[in-house]
>>> print(open('data_8.csv').read())   # CSV, N, CA and C atoms
chain,number,residue,atom,x,y,z
C,1,MET,N,-191.6,-96.6,113.7
C,1,MET,CA,-191.6,-95.8,114.9
C,1,MET,C,-190.2,-95.6,115.4
C,2,ALA,N,-190.0,-94.5,116.1
C,2,ALA,CA,-188.7,-94.3,116.7
C,2,ALA,C,-188.6,-95.2,117.9
C,3,SER,N,-187.3,-95.5,118.2
C,3,SER,CA,-187.1,-96.4,119.4
C,3,SER,C,-187.4,-95.6,120.6
C,4,LEU,N,-187.9,-96.4,121.6
C,4,LEU,CA,-188.3,-95.8,122.9
C,4,LEU,C,-187.2,-95.2,123.7
C,5,VAL,N,-186.1,-95.9,123.7
C,5,VAL,CA,-185.0,-95.4,124.5
C,5,VAL,C,-183.8,-95.3,123.5
C,6,ASN,N,-182.7,-94.7,124.0
C,6,ASN,CA,-181.5,-94.4,123.2
C,6,ASN,C,-180.9,-95.7,122.6
C,7,LYS,N,-180.9,-96.8,123.4
C,7,LYS,CA,-180.4,-98.1,122.9
C,7,LYS,C,-181.6,-98.8,122.1
C,8,LYS,N,-181.2,-99.7,121.2
C,8,LYS,CA,-182.2,-100.4,120.4
C,8,LYS,C,-183.0,-101.4,121.3
C,9,LEU,N,-184.3,-101.4,121.0
C,9,LEU,CA,-185.1,-102.4,121.8
C,9,LEU,C,-185.2,-103.6,120.9
C,10,LYS,N,-185.2,-104.7,121.7
C,10,LYS,CA,-185.3,-106.0,121.0
C,10,LYS,C,-186.8,-106.4,120.9
C,11,GLY,N,-187.4,-106.4,119.8
C,11,GLY,CA,-188.8,-106.7,119.6
C,11,GLY,C,-189.7,-105.5,119.4
C,12,ASN,N,-191.0,-105.8,119.4
C,12,ASN,CA,-192.0,-104.8,119.1
C,12,ASN,C,-192.2,-103.9,120.3
C,13,ILE,N,-192.2,-102.6,120.2
C,13,ILE,CA,-192.4,-101.7,121.3
C,13,ILE,C,-193.8,-101.9,121.9
C,14,PHE,N,-194.8,-102.3,121.1
C,14,PHE,CA,-196.1,-102.5,121.7
C,14,PHE,C,-196.3,-103.7,122.5
C,15,GLU,N,-195.2,-104.6,122.5
C,15,GLU,CA,-195.2,-105.8,123.3
C,15,GLU,C,-194.5,-105.6,124.6
C,16,MET,N,-193.9,-104.4,124.8
C,16,MET,CA,-193.1,-104.1,126.0
C,16,MET,C,-194.1,-103.9,127.1
C,17,ILE,N,-193.7,-104.2,128.3
C,17,ILE,CA,-194.5,-104.1,129.5
C,17,ILE,C,-193.9,-103.0,130.4
C,18,PRO,N,-194.5,-101.9,130.6
C,18,PRO,CA,-194.0,-100.9,131.5
C,18,PRO,C,-194.4,-101.2,132.9
C,19,GLU,N,-193.5,-100.8,133.9
C,19,GLU,CA,-193.7,-101.0,135.3
C,19,GLU,C,-193.2,-99.8,136.0
C,20,ARG,N,-194.0,-99.3,137.0
C,20,ARG,CA,-193.6,-98.2,137.8
C,20,ARG,C,-192.5,-98.6,138.7
C,21,LYS,N,-191.5,-97.7,138.9
C,21,LYS,CA,-190.4,-98.0,139.8
C,21,LYS,C,-190.9,-97.8,141.3
C,22,GLU,N,-190.5,-98.7,142.2
C,22,GLU,CA,-191.0,-98.7,143.5
C,22,GLU,C,-190.7,-97.4,144.3
C,23,ASN,N,-189.6,-96.7,143.9
C,23,ASN,CA,-189.2,-95.5,144.7
C,23,ASN,C,-190.0,-94.3,144.3
C,24,ILE,N,-190.9,-94.4,143.3
C,24,ILE,CA,-191.6,-93.2,142.8
C,24,ILE,C,-193.0,-93.2,143.6
C,25,HIS,N,-193.1,-92.2,144.4
C,25,HIS,CA,-194.4,-92.0,145.1
C,25,HIS,C,-195.3,-91.1,144.3
C,26,TRP,N,-196.6,-91.3,144.5
C,26,TRP,CA,-197.6,-90.5,143.7
C,26,TRP,C,-198.9,-90.5,144.5
C,27,LYS,N,-199.7,-89.5,144.1
C,27,LYS,CA,-201.1,-89.4,144.6
C,27,LYS,C,-201.9,-88.7,143.6
C,28,LYS,N,-203.3,-88.7,143.9
C,28,LYS,CA,-204.2,-88.0,143.0
C,28,LYS,C,-204.6,-86.7,143.6
C,29,ASN,N,-204.7,-85.7,142.8
C,29,ASN,CA,-205.2,-84.4,143.3
C,29,ASN,C,-206.7,-84.4,143.2
C,30,GLU,N,-207.3,-83.2,143.6
C,30,GLU,CA,-208.8,-83.1,143.6
C,30,GLU,C,-209.4,-83.2,142.2
C,31,ASN,N,-208.7,-83.0,141.2
C,31,ASN,CA,-209.2,-83.2,139.8
C,31,ASN,C,-209.0,-84.6,139.3
C,32,GLY,N,-208.4,-85.4,140.0
C,32,GLY,CA,-208.2,-86.8,139.6
C,32,GLY,C,-206.9,-87.0,138.8
C,33,ASN,N,-206.1,-85.9,138.7
C,33,ASN,CA,-204.8,-86.1,138.0
C,33,ASN,C,-203.7,-86.6,138.9
C,34,ILE,N,-202.8,-87.3,138.4
C,34,ILE,CA,-201.7,-87.9,139.1
C,34,ILE,C,-200.6,-86.9,139.4
C,35,ILE,N,-200.1,-86.9,140.6
C,35,ILE,CA,-199.0,-86.0,141.0
C,35,ILE,C,-197.8,-86.9,141.4
C,36,LEU,N,-196.7,-86.9,140.7
C,36,LEU,CA,-195.5,-87.7,141.2
C,36,LEU,C,-194.8,-86.9,142.2
C,37,ILE,N,-194.3,-87.5,143.2
C,37,ILE,CA,-193.5,-86.9,144.3
C,37,ILE,C,-192.1,-87.4,144.2
C,38,ILE,N,-191.2,-86.6,143.7
C,38,ILE,CA,-189.8,-87.0,143.5
C,38,ILE,C,-188.9,-86.5,144.6
C,39,LYS,N,-188.5,-87.5,145.4
C,39,LYS,CA,-187.6,-87.1,146.5
C,39,LYS,C,-186.2,-86.9,145.9
C,40,ARG,N,-185.5,-85.9,146.4
C,40,ARG,CA,-184.2,-85.5,146.0
C,40,ARG,C,-183.2,-85.9,147.2
C,41,ASN,N,-182.8,-87.1,147.2
C,41,ASN,CA,-182.0,-87.6,148.3
C,41,ASN,C,-180.6,-88.2,148.0
C,42,LYS,N,-180.2,-87.9,146.7
C,42,LYS,CA,-178.9,-88.4,146.4
C,42,LYS,C,-177.9,-87.4,147.0
C,43,TRP,N,-176.6,-87.8,147.0
C,43,TRP,CA,-175.6,-86.9,147.7
C,43,TRP,C,-175.5,-85.6,147.0
C,44,ILE,N,-175.6,-85.6,145.7
C,44,ILE,CA,-175.5,-84.3,145.0
C,44,ILE,C,-176.7,-83.4,145.3
C,45,ASP,N,-177.9,-84.0,145.4
C,45,ASP,CA,-179.1,-83.3,145.8
C,45,ASP,C,-178.9,-82.6,147.1
C,46,LYS,N,-178.4,-83.4,148.1
C,46,LYS,CA,-178.2,-82.9,149.5
C,46,LYS,C,-177.2,-81.8,149.5
C,47,LEU,N,-176.2,-81.9,148.7
C,47,LEU,CA,-175.2,-80.8,148.6
C,47,LEU,C,-175.9,-79.5,148.1
C,48,LEU,N,-176.6,-79.7,147.0
C,48,LEU,CA,-177.3,-78.5,146.4
C,48,LEU,C,-178.3,-77.9,147.3
C,49,GLN,N,-179.0,-78.8,148.1
C,49,GLN,CA,-179.9,-78.3,149.1
C,49,GLN,C,-179.3,-77.4,150.1
C,50,LYS,N,-178.1,-77.8,150.5
C,50,LYS,CA,-177.4,-77.0,151.5
C,50,LYS,C,-176.8,-75.7,150.9
C,51,ILE,N,-176.3,-75.8,149.7
C,51,ILE,CA,-175.7,-74.6,149.1
C,51,ILE,C,-176.7,-73.6,148.6
C,52,PHE,N,-177.7,-74.1,147.8
C,52,PHE,CA,-178.7,-73.3,147.1
C,52,PHE,C,-180.1,-73.3,147.7
C,53,ASN,N,-180.2,-74.0,148.8
C,53,ASN,CA,-181.5,-74.1,149.5
C,53,ASN,C,-182.6,-74.7,148.5
C,54,THR,N,-182.3,-75.7,147.8
C,54,THR,CA,-183.2,-76.3,146.8
C,54,THR,C,-184.1,-77.2,147.6
C,55,PRO,N,-185.3,-77.5,147.1
C,55,PRO,CA,-186.3,-78.4,147.8
C,55,PRO,C,-185.8,-79.8,148.0
C,56,LYS,N,-186.3,-80.5,149.0
C,56,LYS,CA,-186.0,-81.9,149.3
C,56,LYS,C,-186.8,-82.8,148.4
C,57,GLN,N,-187.9,-82.3,147.8
C,57,GLN,CA,-188.7,-83.0,146.9
C,57,GLN,C,-189.3,-82.1,145.9
C,58,THR,N,-189.6,-82.6,144.7
C,58,THR,CA,-190.3,-81.9,143.7
C,58,THR,C,-191.5,-82.7,143.3
C,59,THR,N,-192.5,-82.0,142.7
C,59,THR,CA,-193.7,-82.7,142.2
C,59,THR,C,-193.8,-82.5,140.7
C,60,LEU,N,-194.5,-83.4,140.1
C,60,LEU,CA,-194.8,-83.3,138.7
C,60,LEU,C,-196.2,-83.8,138.5
C,61,GLU,N,-197.0,-82.8,138.0
C,61,GLU,CA,-198.5,-83.2,137.8
C,61,GLU,C,-198.7,-83.5,136.3
C,62,PHE,N,-199.4,-84.7,136.1
C,62,PHE,CA,-199.7,-85.1,134.8
C,62,PHE,C,-201.1,-84.5,134.4
C,63,ASP,N,-201.3,-84.4,133.1
C,63,ASP,CA,-202.6,-84.0,132.6
C,63,ASP,C,-203.5,-85.3,132.6
C,64,GLU,N,-204.7,-85.2,132.0
C,64,GLU,CA,-205.6,-86.2,132.0
C,64,GLU,C,-205.1,-87.5,131.3
C,65,LEU,N,-204.4,-87.3,130.2
C,65,LEU,CA,-203.9,-88.4,129.4
C,65,LEU,C,-202.8,-89.1,130.2
C,66,GLY,N,-201.8,-88.3,130.7
C,66,GLY,CA,-200.7,-88.9,131.5
C,66,GLY,C,-201.2,-89.6,132.7
C,67,SER,N,-202.2,-89.1,133.4
C,67,SER,CA,-202.8,-89.7,134.6
C,67,SER,C,-203.4,-91.0,134.2
C,68,PHE,N,-204.2,-91.0,133.1
C,68,PHE,CA,-204.8,-92.3,132.7
C,68,PHE,C,-203.8,-93.3,132.4
C,69,VAL,N,-202.7,-93.0,131.7
C,69,VAL,CA,-201.7,-93.9,131.3
C,69,VAL,C,-200.9,-94.4,132.6
C,70,TRP,N,-200.6,-93.5,133.5
C,70,TRP,CA,-199.9,-93.8,134.7
C,70,TRP,C,-200.7,-94.9,135.5
C,71,GLU,N,-202.0,-94.7,135.6
C,71,GLU,CA,-202.8,-95.7,136.3
C,71,GLU,C,-202.9,-97.0,135.7
C,72,ASN,N,-202.6,-97.0,134.3
C,72,ASN,CA,-202.7,-98.3,133.6
C,72,ASN,C,-201.3,-99.0,133.5
C,73,ILE,N,-200.3,-98.3,134.0
C,73,ILE,CA,-199.0,-99.0,134.1
C,73,ILE,C,-198.9,-99.8,135.3
C,74,ASP,N,-199.1,-101.1,135.2
C,74,ASP,CA,-199.3,-102.0,136.3
C,74,ASP,C,-198.3,-103.1,136.3
C,75,GLY,N,-197.4,-103.2,135.4
C,75,GLY,CA,-196.5,-104.3,135.3
C,75,GLY,C,-197.1,-105.5,134.6
C,76,GLN,N,-198.3,-105.4,134.2
C,76,GLN,CA,-199.1,-106.5,133.5
C,76,GLN,C,-199.4,-106.2,132.1
C,77,LYS,N,-199.9,-105.0,131.9
C,77,LYS,CA,-200.4,-104.5,130.6
C,77,LYS,C,-199.2,-104.2,129.7
C,78,THR,N,-199.3,-104.5,128.4
C,78,THR,CA,-198.3,-104.1,127.5
C,78,THR,C,-198.6,-102.7,127.0
C,79,ILE,N,-197.7,-102.1,126.3
C,79,ILE,CA,-197.9,-100.8,125.7
C,79,ILE,C,-199.0,-100.9,124.7
C,80,GLY,N,-199.1,-102.0,124.0
C,80,GLY,CA,-200.2,-102.3,123.0
C,80,GLY,C,-201.5,-102.3,123.7
C,81,ASN,N,-201.6,-103.0,124.9
C,81,ASN,CA,-202.8,-103.0,125.7
C,81,ASN,C,-203.3,-101.6,126.1
C,82,ILE,N,-202.4,-100.8,126.5
C,82,ILE,CA,-202.7,-99.5,127.0
C,82,ILE,C,-203.2,-98.6,125.8
C,83,THR,N,-202.5,-98.8,124.6
C,83,THR,CA,-202.9,-98.1,123.4
C,83,THR,C,-204.4,-98.5,123.1
C,84,GLY,N,-204.7,-99.8,123.2
C,84,GLY,CA,-206.1,-100.2,122.9
C,84,GLY,C,-207.1,-99.6,123.8
C,85,ILE,N,-206.7,-99.5,125.1
C,85,ILE,CA,-207.6,-98.9,126.1
C,85,ILE,C,-207.8,-97.4,125.8
C,86,LEU,N,-206.8,-96.8,125.4
C,86,LEU,CA,-206.9,-95.3,125.1
C,86,LEU,C,-207.8,-95.1,123.8
C,87,ARG,N,-207.6,-96.0,122.9
C,87,ARG,CA,-208.5,-95.9,121.7
C,87,ARG,C,-210.0,-96.0,122.0
C,88,LYS,N,-210.3,-97.0,122.9
C,88,LYS,CA,-211.7,-97.2,123.3
C,88,LYS,C,-212.2,-96.0,124.1
C,89,GLN,N,-211.3,-95.3,124.9
C,89,GLN,CA,-211.7,-94.2,125.7
C,89,GLN,C,-212.2,-93.0,124.8
C,90,ASP,N,-211.3,-92.5,124.0
C,90,ASP,CA,-211.7,-91.3,123.2
C,90,ASP,C,-210.5,-91.1,122.2
C,91,SER,N,-210.5,-91.9,121.1
C,91,SER,CA,-209.4,-91.9,120.2
C,91,SER,C,-209.2,-90.5,119.5
C,92,GLU,N,-210.3,-89.8,119.3
C,92,GLU,CA,-210.1,-88.5,118.7
C,92,GLU,C,-209.5,-87.5,119.6
C,93,LYS,N,-209.8,-87.6,120.9
C,93,LYS,CA,-209.3,-86.7,121.9
C,93,LYS,C,-207.8,-86.9,122.1
C,94,TYR,N,-207.3,-88.1,122.0
C,94,TYR,CA,-205.9,-88.4,122.2
C,94,TYR,C,-205.1,-88.7,120.9
C,95,SER,N,-205.7,-88.4,119.8
C,95,SER,CA,-205.1,-88.7,118.5
C,95,SER,C,-203.8,-87.8,118.3
C,96,PRO,N,-202.8,-88.3,117.8
C,96,PRO,CA,-202.5,-89.7,117.4
C,96,PRO,C,-202.1,-90.6,118.6
C,97,VAL,N,-202.8,-91.6,119.0
C,97,VAL,CA,-202.7,-92.3,120.2
C,97,VAL,C,-201.3,-92.9,120.3
C,98,GLU,N,-200.9,-93.7,119.3
C,98,GLU,CA,-199.6,-94.4,119.4
C,98,GLU,C,-198.4,-93.4,119.6
C,99,GLU,N,-198.4,-92.4,118.8
C,99,GLU,CA,-197.2,-91.5,118.9
C,99,GLU,C,-197.2,-90.7,120.3
C,100,ARG,N,-198.3,-90.3,120.7
C,100,ARG,CA,-198.4,-89.7,122.0
C,100,ARG,C,-198.0,-90.6,123.2
C,101,LEU,N,-198.5,-91.8,123.1
C,101,LEU,CA,-198.2,-92.8,124.1
C,101,LEU,C,-196.7,-93.2,124.1
C,102,ILE,N,-196.1,-93.4,123.0
C,102,ILE,CA,-194.7,-93.7,122.9
C,102,ILE,C,-193.8,-92.5,123.4
C,103,THR,N,-194.2,-91.3,123.0
C,103,THR,CA,-193.5,-90.2,123.5
C,103,THR,C,-193.5,-90.1,125.0
C,104,PHE,N,-194.7,-90.3,125.6
C,104,PHE,CA,-194.9,-90.2,127.1
C,104,PHE,C,-194.1,-91.4,127.7
C,105,MET,N,-194.1,-92.6,127.2
C,105,MET,CA,-193.3,-93.7,127.7
C,105,MET,C,-191.8,-93.4,127.7
C,106,ARG,N,-191.4,-92.7,126.6
C,106,ARG,CA,-190.0,-92.3,126.5
C,106,ARG,C,-189.6,-91.4,127.6
C,107,VAL,N,-190.5,-90.4,127.9
C,107,VAL,CA,-190.2,-89.4,128.9
C,107,VAL,C,-190.1,-90.1,130.3
C,108,LEU,N,-191.1,-91.0,130.5
C,108,LEU,CA,-191.1,-91.7,131.8
C,108,LEU,C,-189.9,-92.6,132.0
C,109,LYS,N,-189.5,-93.3,130.9
C,109,LYS,CA,-188.3,-94.2,131.0
C,109,LYS,C,-187.0,-93.3,131.2
C,110,ASN,N,-186.9,-92.3,130.4
C,110,ASN,CA,-185.6,-91.5,130.4
C,110,ASN,C,-185.5,-90.7,131.7
C,111,ASN,N,-186.6,-90.5,132.4
C,111,ASN,CA,-186.5,-89.8,133.7
C,111,ASN,C,-186.5,-90.8,134.9
C,112,GLY,N,-186.4,-92.1,134.6
C,112,GLY,CA,-186.3,-93.1,135.7
C,112,GLY,C,-187.6,-93.3,136.4
C,113,PHE,N,-188.7,-93.1,135.9
C,113,PHE,CA,-190.0,-93.3,136.6
C,113,PHE,C,-190.6,-94.7,136.3
C,114,ILE,N,-190.2,-95.3,135.2
C,114,ILE,CA,-190.7,-96.6,134.9
C,114,ILE,C,-189.5,-97.5,134.4
C,115,LYS,N,-189.7,-98.8,134.4
C,115,LYS,CA,-188.9,-99.8,133.8
C,115,LYS,C,-189.7,-100.4,132.7
C,116,LEU,N,-189.0,-101.0,131.7
C,116,LEU,CA,-189.6,-101.6,130.6
C,116,LEU,C,-189.1,-103.1,130.5
C,117,TYR,N,-190.1,-104.0,130.3
C,117,TYR,CA,-189.7,-105.4,130.1
C,117,TYR,C,-190.3,-105.9,128.8
C,118,SER,N,-189.6,-106.9,128.3
C,118,SER,CA,-190.2,-107.6,127.1
C,118,SER,C,-191.1,-108.6,127.8
C,119,LYS,N,-191.9,-109.3,127.0
C,119,LYS,CA,-192.8,-110.3,127.5
C,119,LYS,C,-192.0,-111.5,128.1
C,120,LYS,N,-190.7,-111.6,127.7
C,120,LYS,CA,-189.8,-112.6,128.3
C,120,LYS,C,-189.2,-112.2,129.6
C,121,ASN,N,-189.6,-111.0,130.1
C,121,ASN,CA,-189.2,-110.6,131.4
C,121,ASN,C,-187.7,-110.1,131.5
C,122,SER,N,-187.1,-109.6,130.4
C,122,SER,CA,-185.8,-109.0,130.6
C,122,SER,C,-186.0,-107.5,130.7
C,123,ASN,N,-185.3,-107.0,131.7
C,123,ASN,CA,-185.4,-105.5,131.9
C,123,ASN,C,-184.6,-104.7,130.9
C,124,ILE,N,-185.3,-103.7,130.4
C,124,ILE,CA,-184.6,-102.8,129.4
C,124,ILE,C,-184.5,-101.4,129.9
>>> encode(input="data_8.csv", output="structure tokens")
Amino acid sequence: MASLVNKKLKGNIFEMIPERKENIHWKKNENGNIILIIKRNKWIDKLLQKIFNTPKQTTLEFDELGSFVWENIDGQKTIGNITGILRKQDSEKYSPVEERLITFMRVLKNNGFIKLYSKKNSNI
């Protein structure tokens, strides 16, 4: 499998524990899908807001799979645990489970929405 982040991970990716970052706010919409609320409050964001009238926050709506995964990212379950839960839900619907989950975790990590830990508790 491809590495989850640009740097090499130590150990098995399925033993990594994802955890949501505290500064990421989210809610559920009427369909039960997760909406991330991303506040744009860095100095560059504030400058762009003044110059180009950009929004102070943006939202990102997950589909059913993304919402299910986001709710299972609790700082306790490993990526392997979440994979197993997805397989039990509807493995045909989410097939190929492992590849889709790793891709989604990569997107979340690269955009700063989650942190990854090995079982030994070192932050990656």
>>> select_by_dssp(input="data_8.csv", residues="region 2-111 of chain C", states="alpha helix (DSSP H)", output="ChimeraX atom specification")
/C:43-52,64-72,79-90,97-110
>>> closest_residue(input="data_8.csv", among="C:Thr54, C:Lys115, C:Ile17, C:Leu60", to="Thr83 (chain C)", atoms="only C-alpha atoms")
C:Ile17
>>> closest_residue(input="data_8.csv", among="C:Ile79, C:Ile44, C:Ile34, C:Ile73", to="Glu15 (chain C)", atoms="all atoms listed in the file")
C:Ile79
>>> residues_around(input="data_8.csv", residues="Asp63 (chain C)", least_positions_apart="3", cutoff="10 Å", atoms="only C-alpha atoms", output="PyMOL selection string")
chain C and resi 31-35+60+66-68
>>> atom_distance(input="data_8.csv", atom1="CA of Ser118 (chain C)", atom2="atom N of Gln76 (chain C)")
11.0 Å
>>> atom_distance(input="data_8.csv", atom1="CA of Lys42 (chain C)", atom2="CA of Pro55 (chain C)")
12.5 Å
>>> atom_distance(input="data_8.csv", atom1="CA of Asp74 (chain C)", atom2="CA of Glu99 (chain C)")
20.4 Å
>>> residues_near_point(input="data_8.csv", point="(-193.7, -93.6, 121.1)", cutoff="12 Å", atoms="only C-alpha atoms", output="list in words")
Met1, Ala2, Ser3, Leu4, Val5, Asn12, Ile13, Phe14, Met16, Ile79, Gly80, Thr83, Pro96, Val97, Glu98, Glu99, Arg100, Leu101, Ile102, Thr103, Phe104, Met105, Arg106, Val107, Leu108 and Lys109 of chain C
>>> select_by_dssp(input="data_8.csv", residues="region 30-114 of chain C", states="strand (DSSP E or B)", output="short mmCIF file (atom, residue, chain, number, x, y, z; two decimals) with N, CA and C atoms, keeping the file's coordinate frame")
data_model
loop_
_atom_site.label_atom_id
_atom_site.label_comp_id
_atom_site.auth_asym_id
_atom_site.auth_seq_id
_atom_site.Cartn_x
_atom_site.Cartn_y
_atom_site.Cartn_z
N ILE C 34 -202.80 -87.30 138.40
CA ILE C 34 -201.70 -87.90 139.10
C ILE C 34 -200.60 -86.90 139.40
N ILE C 35 -200.10 -86.90 140.60
CA ILE C 35 -199.00 -86.00 141.00
C ILE C 35 -197.80 -86.90 141.40
N LEU C 36 -196.70 -86.90 140.70
CA LEU C 36 -195.50 -87.70 141.20
C LEU C 36 -194.80 -86.90 142.20
N ILE C 37 -194.30 -87.50 143.20
CA ILE C 37 -193.50 -86.90 144.30
C ILE C 37 -192.10 -87.40 144.20
N ILE C 38 -191.20 -86.60 143.70
CA ILE C 38 -189.80 -87.00 143.50
C ILE C 38 -188.90 -86.50 144.60
N LYS C 39 -188.50 -87.50 145.40
CA LYS C 39 -187.60 -87.10 146.50
C LYS C 39 -186.20 -86.90 145.90
N GLN C 57 -187.90 -82.30 147.80
CA GLN C 57 -188.70 -83.00 146.90
C GLN C 57 -189.30 -82.10 145.90
N THR C 58 -189.60 -82.60 144.70
CA THR C 58 -190.30 -81.90 143.70
C THR C 58 -191.50 -82.70 143.30
N THR C 59 -192.50 -82.00 142.70
CA THR C 59 -193.70 -82.70 142.20
C THR C 59 -193.80 -82.50 140.70
N LEU C 60 -194.50 -83.40 140.10
CA LEU C 60 -194.80 -83.30 138.70
C LEU C 60 -196.20 -83.80 138.50
N GLU C 61 -197.00 -82.80 138.00
CA GLU C 61 -198.50 -83.20 137.80
C GLU C 61 -198.70 -83.50 136.30
N ILE C 114 -190.20 -95.30 135.20
CA ILE C 114 -190.70 -96.60 134.90
C ILE C 114 -189.50 -97.50 134.40
#
>>> build_atoms(input="data_8.csv", residues="region 17-24 of chain C", atoms="all heavy atoms", output="short mmCIF file (atom, residue, chain, number, x, y, z; two decimals), in the frame of the given file")
data_model
loop_
_atom_site.label_atom_id
_atom_site.label_comp_id
_atom_site.auth_asym_id
_atom_site.auth_seq_id
_atom_site.Cartn_x
_atom_site.Cartn_y
_atom_site.Cartn_z
N ILE C 17 -193.70 -104.20 128.30
CA ILE C 17 -194.50 -104.10 129.50
C ILE C 17 -193.90 -103.00 130.40
O ILE C 17 -192.76 -103.23 130.93
CB ILE C 17 -194.63 -105.41 130.30
CG1 ILE C 17 -195.28 -106.47 129.41
CG2 ILE C 17 -195.40 -105.21 131.61
CD1 ILE C 17 -195.20 -107.87 129.96
N PRO C 18 -194.50 -101.90 130.60
CA PRO C 18 -194.00 -100.90 131.50
C PRO C 18 -194.40 -101.20 132.90
O PRO C 18 -195.45 -101.70 133.22
CB PRO C 18 -194.65 -99.56 131.02
CG PRO C 18 -195.94 -100.01 130.40
CD PRO C 18 -195.70 -101.39 129.87
N GLU C 19 -193.50 -100.80 133.90
CA GLU C 19 -193.70 -101.00 135.30
C GLU C 19 -193.20 -99.80 136.00
O GLU C 19 -192.11 -99.35 135.78
CB GLU C 19 -193.05 -102.29 135.78
CG GLU C 19 -193.29 -102.57 137.24
CD GLU C 19 -192.62 -103.86 137.68
OE1 GLU C 19 -191.41 -104.00 137.47
OE2 GLU C 19 -193.33 -104.71 138.23
N ARG C 20 -194.00 -99.30 137.00
CA ARG C 20 -193.60 -98.20 137.80
C ARG C 20 -192.50 -98.60 138.70
O ARG C 20 -192.48 -99.69 139.23
CB ARG C 20 -194.73 -97.65 138.64
CG ARG C 20 -195.84 -97.04 137.89
CD ARG C 20 -196.90 -96.52 138.86
NE ARG C 20 -198.20 -96.83 138.32
CZ ARG C 20 -199.18 -97.41 138.97
NH1 ARG C 20 -199.05 -97.75 140.22
NH2 ARG C 20 -200.32 -97.65 138.37
N LYS C 21 -191.50 -97.70 138.90
CA LYS C 21 -190.40 -98.00 139.80
C LYS C 21 -190.90 -97.80 141.30
O LYS C 21 -191.75 -96.94 141.50
CB LYS C 21 -189.19 -97.13 139.59
CG LYS C 21 -188.45 -97.53 138.33
CD LYS C 21 -187.11 -96.87 138.28
CE LYS C 21 -186.32 -97.38 137.07
NZ LYS C 21 -185.03 -96.70 136.97
N GLU C 22 -190.50 -98.70 142.20
CA GLU C 22 -191.00 -98.70 143.50
C GLU C 22 -190.70 -97.40 144.30
O GLU C 22 -191.44 -97.01 145.18
CB GLU C 22 -190.41 -99.86 144.33
CG GLU C 22 -190.82 -101.21 143.82
CD GLU C 22 -189.78 -101.82 142.89
OE1 GLU C 22 -188.58 -101.48 142.99
OE2 GLU C 22 -190.16 -102.65 142.06
N ASN C 23 -189.60 -96.70 143.90
CA ASN C 23 -189.20 -95.50 144.70
C ASN C 23 -190.00 -94.30 144.30
O ASN C 23 -189.72 -93.20 144.80
CB ASN C 23 -187.71 -95.31 144.60
CG ASN C 23 -187.26 -95.02 143.18
OD1 ASN C 23 -187.92 -95.37 142.22
ND2 ASN C 23 -186.11 -94.39 143.05
N ILE C 24 -190.90 -94.40 143.30
CA ILE C 24 -191.60 -93.20 142.80
C ILE C 24 -193.00 -93.20 143.60
O ILE C 24 -193.77 -94.11 143.50
CB ILE C 24 -191.89 -93.31 141.32
CG1 ILE C 24 -190.59 -93.38 140.54
CG2 ILE C 24 -192.74 -92.13 140.87
CD1 ILE C 24 -189.69 -92.18 140.70
#
